[in-house]
Amino acid sequence: MPQATDWADVRVVGIPRALLFYRFGVLWTTFFEGIGRTVVVSDATDKAIADEGERLSVDECCLASKVFIGHVASLVGRCDAVFVPSYPTGDHRAGFCTKFQSATDMVKSTFRDQHLRVVSCEVRDARKMKDVRRPFEEMAARMGVSPRDGRRAFKAAWDAQEAHDKALSDAQVRLMRALDERRAAARGAAGGAGAASADAAPLGILVVAHPYITHDPYLSGAVVDALSDMGATVVHADAVDHDKAYKKSFEFSDTMPWLINRELIGAILMLEDHIDGIVLISAFPCGPDSMTDDAIMRCIQGTPILNLMIDAQSGTAGVETRVESFVDILRFQQKGGYVRG
Ligand code: SF4
């Protein structure tokens, strides 16, 4: 049977700057550009986008998915179709939250009155190249692209995403090395002066959150800015080598089903000896985080943890104060804390 080419007239593809765009956005944009499409990525999240997402979503949705819907709304009229892939769970130890499985249907249903066109594909295991390649090549075929060009575009897109991820994790390794060196230098300069050395000692804080939370300035910029303003070095858990973090996470749990939560927990285990504190940031009401954050708080011993929840109503209001108090406590602890042994 000949392949349908019902998306061949889609020349401009809109991509919402939300959810898994922050994880696979390089692959997506490179792929569509590789098959000759123009890509329009929605603008950075702002209040208008967040409010529109809130208005269009049911109350039970998490803040991140409401913001995603706001981004889709902002693309209406700016593209021929919006790209909304589905990521159902193919591997029960490397799956995604149900929002990612239902995203395509959620968008079609929410925007049915506007007759918004949606191009989509179903990726069953995001870690395996062949599981990603097949649906992308099928999508290219529906867009009227030859199998050869579809294959070539996918290869370039996969390589670009890998190069992007590697650049991030390499930068993270350099950052951690510099942090360790500054710490050693501060200890050396103090010459064992104890409390006096703490003033000069750097503070490394690991921010643990889904990438669409931690790298969206509207959602958690206030937290990251407050940490930086207090002189802390911000280390992002999601920037750690994904494969290494994923494998490491099995030391924490053999059964945890969510890929990104696994990678975040693996990153904590890889970096906990090199950082002074952890800031967990969750979007209300995140199902996976409600379980994993609780497990992290119980099981990660010896590293202070600040657990922050952001929601549509209060956003990041008040978080600066909590972050400042947390950093103050860490600095006080560096100086010897309440108990001197
Ligand atoms: S993992 Fe949590 S924050 Fe992300 S989409 Fe699912 S419920 Fe929302």
# chains A, B, ... in the order shown; residues from 1 in each chain; ligands from 1
$ closest_atom_pairs --of "chain A" --to "ligand 1" --cutoff "10 Å" --atoms "only C-alpha atoms and all ligand atoms" --output "CSV"
residue,atom,partner,partner_atom_place_in_ligand_line,distance
A:Ala18,CA,ligand 1,5 (S),9.8
A:Leu19,CA,ligand 1,5 (S),6.7
A:Leu20,CA,ligand 1,5 (S),8.9
A:Glu60,CA,ligand 1,7 (S),9.8
A:Cys61,CA,ligand 1,8 (Fe),7.3
A:Cys62,CA,ligand 1,8 (Fe),4.7
A:Leu63,CA,ligand 1,8 (Fe),6.6
A:Ala64,CA,ligand 1,3 (S),5.2
A:Ser65,CA,ligand 1,5 (S),5.5
A:Lys66,CA,ligand 1,8 (Fe),8.7
A:Val67,CA,ligand 1,8 (Fe),9.9
A:Phe68,CA,ligand 1,5 (S),9.1
A:Phe96,CA,ligand 1,1 (S),7.1
A:Cys97,CA,ligand 1,6 (Fe),4.7
A:Thr98,CA,ligand 1,6 (Fe),6.5
A:Lys99,CA,ligand 1,5 (S),5.2
A:Phe100,CA,ligand 1,5 (S),6.7
A:Gln101,CA,ligand 1,6 (Fe),9.9
A:Ala103,CA,ligand 1,5 (S),9.4
A:Ala209,CA,ligand 1,3 (S),8.9
A:His210,CA,ligand 1,4 (Fe),6.7
A:Pro211,CA,ligand 1,4 (Fe),9.2
A:Tyr212,CA,ligand 1,4 (Fe),8.0
A:Ile213,CA,ligand 1,3 (S),7.7
A:Trp258,CA,ligand 1,1 (S),8.3
A:Leu259,CA,ligand 1,1 (S),9.8
A:Ile260,CA,ligand 1,1 (S),8.1
A:Asn261,CA,ligand 1,1 (S),8.1
A:Ile281,CA,ligand 1,3 (S),9.8
A:Ser282,CA,ligand 1,3 (S),6.6
A:Ala283,CA,ligand 1,3 (S),5.1
A:Phe284,CA,ligand 1,3 (S),7.2
A:Pro285,CA,ligand 1,7 (S),6.4
A:Cys286,CA,ligand 1,2 (Fe),3.7
A:Gly287,CA,ligand 1,7 (S),5.0
A:Pro288,CA,ligand 1,1 (S),5.6
A:Asp289,CA,ligand 1,2 (Fe),6.1
A:Ser290,CA,ligand 1,2 (Fe),8.4
$ select_by_dssp --residues "stretch 60-273 of chain A" --states "strand (DSSP E or B)" --output "list in words"
Ala81, Val82, Phe83, Ser86, Gly95, Val118, Val119, Glu122, Leu203, Gly204, Ile205, Leu206, Val207, Val208, Ala232, Thr233, Val234, Val235, His236 and Trp258 of chain A
$ residues_around --residues "A:Lys166" --least-positions-apart "2" --cutoff "12 Å" --atoms "only C-alpha atoms" --output "JSON, numbers by chain"
{"A": [159, 160, 161, 162, 163, 164, 168, 169, 170, 171, 172, 173, 238, 239, 240, 241, 242, 243, 244]}
$ write_last_selection --atoms "N, CA and C atoms" --output "JSON list (two decimals), in the first residue's frame"
[["chain", "number", "residue", "atom", "x", "y", "z"],
["A", 159, "ASP", "N", 22.68, 12.90, 15.60],
["A", 159, "ASP", "CA", 24.06, 13.30, 15.90],
["A", 159, "ASP", "C", 24.11, 14.68, 16.54],
["A", 160, "ALA", "N", 23.27, 15.59, 16.06],
["A", 160, "ALA", "CA", 23.26, 16.96, 16.62],
["A", 160, "ALA", "C", 22.82, 16.94, 18.08],
["A", 161, "GLN", "N", 21.81, 16.13, 18.39],
["A", 161, "GLN", "CA", 21.35, 16.04, 19.78],
["A", 161, "GLN", "C", 22.45, 15.44, 20.67],
["A", 162, "GLU", "N", 23.09, 14.41, 20.15],
["A", 162, "GLU", "CA", 24.17, 13.79, 20.94],
["A", 162, "GLU", "C", 25.31, 14.77, 21.18],
["A", 163, "ALA", "N", 25.67, 15.52, 20.14],
["A", 163, "ALA", "CA", 26.76, 16.51, 20.29],
["A", 163, "ALA", "C", 26.37, 17.59, 21.30],
["A", 164, "HIS", "N", 25.11, 18.00, 21.24],
["A", 164, "HIS", "CA", 24.61, 19.02, 22.17],
["A", 164, "HIS", "C", 24.68, 18.50, 23.62],
["A", 168, "LEU", "N", 27.11, 19.77, 26.81],
["A", 168, "LEU", "CA", 26.59, 20.15, 28.14],
["A", 168, "LEU", "C", 27.27, 19.35, 29.25],
["A", 169, "SER", "N", 27.39, 18.03, 29.04],
["A", 169, "SER", "CA", 27.97, 17.21, 30.12],
["A", 169, "SER", "C", 29.47, 17.48, 30.26],
["A", 170, "ASP", "N", 30.15, 17.77, 29.13],
["A", 170, "ASP", "CA", 31.58, 18.13, 29.23],
["A", 170, "ASP", "C", 31.75, 19.43, 30.02],
["A", 171, "ALA", "N", 30.86, 20.39, 29.74],
["A", 171, "ALA", "CA", 30.94, 21.67, 30.45],
["A", 171, "ALA", "C", 30.71, 21.45, 31.95],
["A", 172, "GLN", "N", 29.80, 20.52, 32.24],
["A", 172, "GLN", "CA", 29.51, 20.22, 33.64],
["A", 172, "GLN", "C", 30.73, 19.61, 34.34],
["A", 173, "VAL", "N", 31.42, 18.72, 33.63],
["A", 173, "VAL", "CA", 32.63, 18.09, 34.20],
["A", 173, "VAL", "C", 33.67, 19.17, 34.49],
["A", 238, "ASP", "N", 20.40, 17.75, 35.34],
["A", 238, "ASP", "CA", 20.00, 17.23, 34.03],
["A", 238, "ASP", "C", 21.10, 17.37, 32.98],
["A", 239, "ALA", "N", 22.18, 18.06, 33.33],
["A", 239, "ALA", "CA", 23.27, 18.24, 32.35],
["A", 239, "ALA", "C", 24.33, 17.16, 32.47],
["A", 240, "VAL", "N", 24.19, 16.29, 33.45],
["A", 240, "VAL", "CA", 25.15, 15.19, 33.61],
["A", 240, "VAL", "C", 24.96, 14.18, 32.46],
["A", 241, "ASP", "N", 26.04, 13.48, 32.11],
["A", 241, "ASP", "CA", 25.96, 12.46, 31.06],
["A", 241, "ASP", "C", 24.74, 11.54, 31.31],
["A", 242, "HIS", "N", 23.80, 11.56, 30.37],
["A", 242, "HIS", "CA", 22.52, 10.87, 30.61],
["A", 242, "HIS", "C", 22.69, 9.36, 30.80],
["A", 243, "ASP", "N", 23.53, 8.75, 29.98],
["A", 243, "ASP", "CA", 23.70, 7.29, 30.08],
["A", 243, "ASP", "C", 24.29, 6.89, 31.43],
["A", 244, "LYS", "N", 25.35, 7.62, 31.82],
["A", 244, "LYS", "CA", 26.00, 7.31, 33.10],
["A", 244, "LYS", "C", 25.02, 7.51, 34.26]]
$ residues_around --residues "A:Val327" --least-positions-apart "4" --cutoff "9 Å" --atoms "only C-alpha atoms" --output "ChimeraX atom specification"
/A:203,205,227,230,232,277,322-323,331-332
$ select_by_dssp --residues "stretch 91-333 of chain A" --states "alpha helix (DSSP H)" --output "PyMOL selection string"
chain A and resi 98-110+129-142+147-190+211-214+217-229+242-248+259-271+287-299+319-333
$ closest_residue --among "A:Phe136, A:Phe24, A:Phe111, A:Phe31" --to "A:Val82" --atoms "only C-alpha atoms"
A:Phe111
$ closest_residue --among "A:Arg93, A:Lys130, A:Arg11, A:Arg262" --to "A:Ala81" --atoms "only C-alpha atoms"
A:Arg11
$ closest_residue --among "A:Gly231, A:Pro85, A:Gly221, A:Gly266" --to "A:Asp328" --atoms "only C-alpha atoms"
A:Gly231
$ closest_atom_pairs --of "stretch 167-275 of chain A" --to "stretch 38-56 of chain A" --cutoff "8 Å" --atoms "only C-alpha atoms" --output "tab-separated table"
residue	atom	partner	partner_atom	distance
A:Asp216	CA	A:Thr45	CA	7.1
A:Pro217	CA	A:Thr45	CA	7.7
A:Tyr218	CA	A:Thr45	CA	5.9
$ write_last_selection --atoms "C-alpha atoms" --output "PDB file, in the first residue's frame"
ATOM      1  CA  ASP A 216      12.666  27.790  31.738  1.00  0.00           C
ATOM      2  CA  PRO A 217      13.548  31.180  33.254  1.00  0.00           C
ATOM      3  CA  TYR A 218       9.881  31.989  33.855  1.00  0.00           C
TER       4      TYR A 218
END
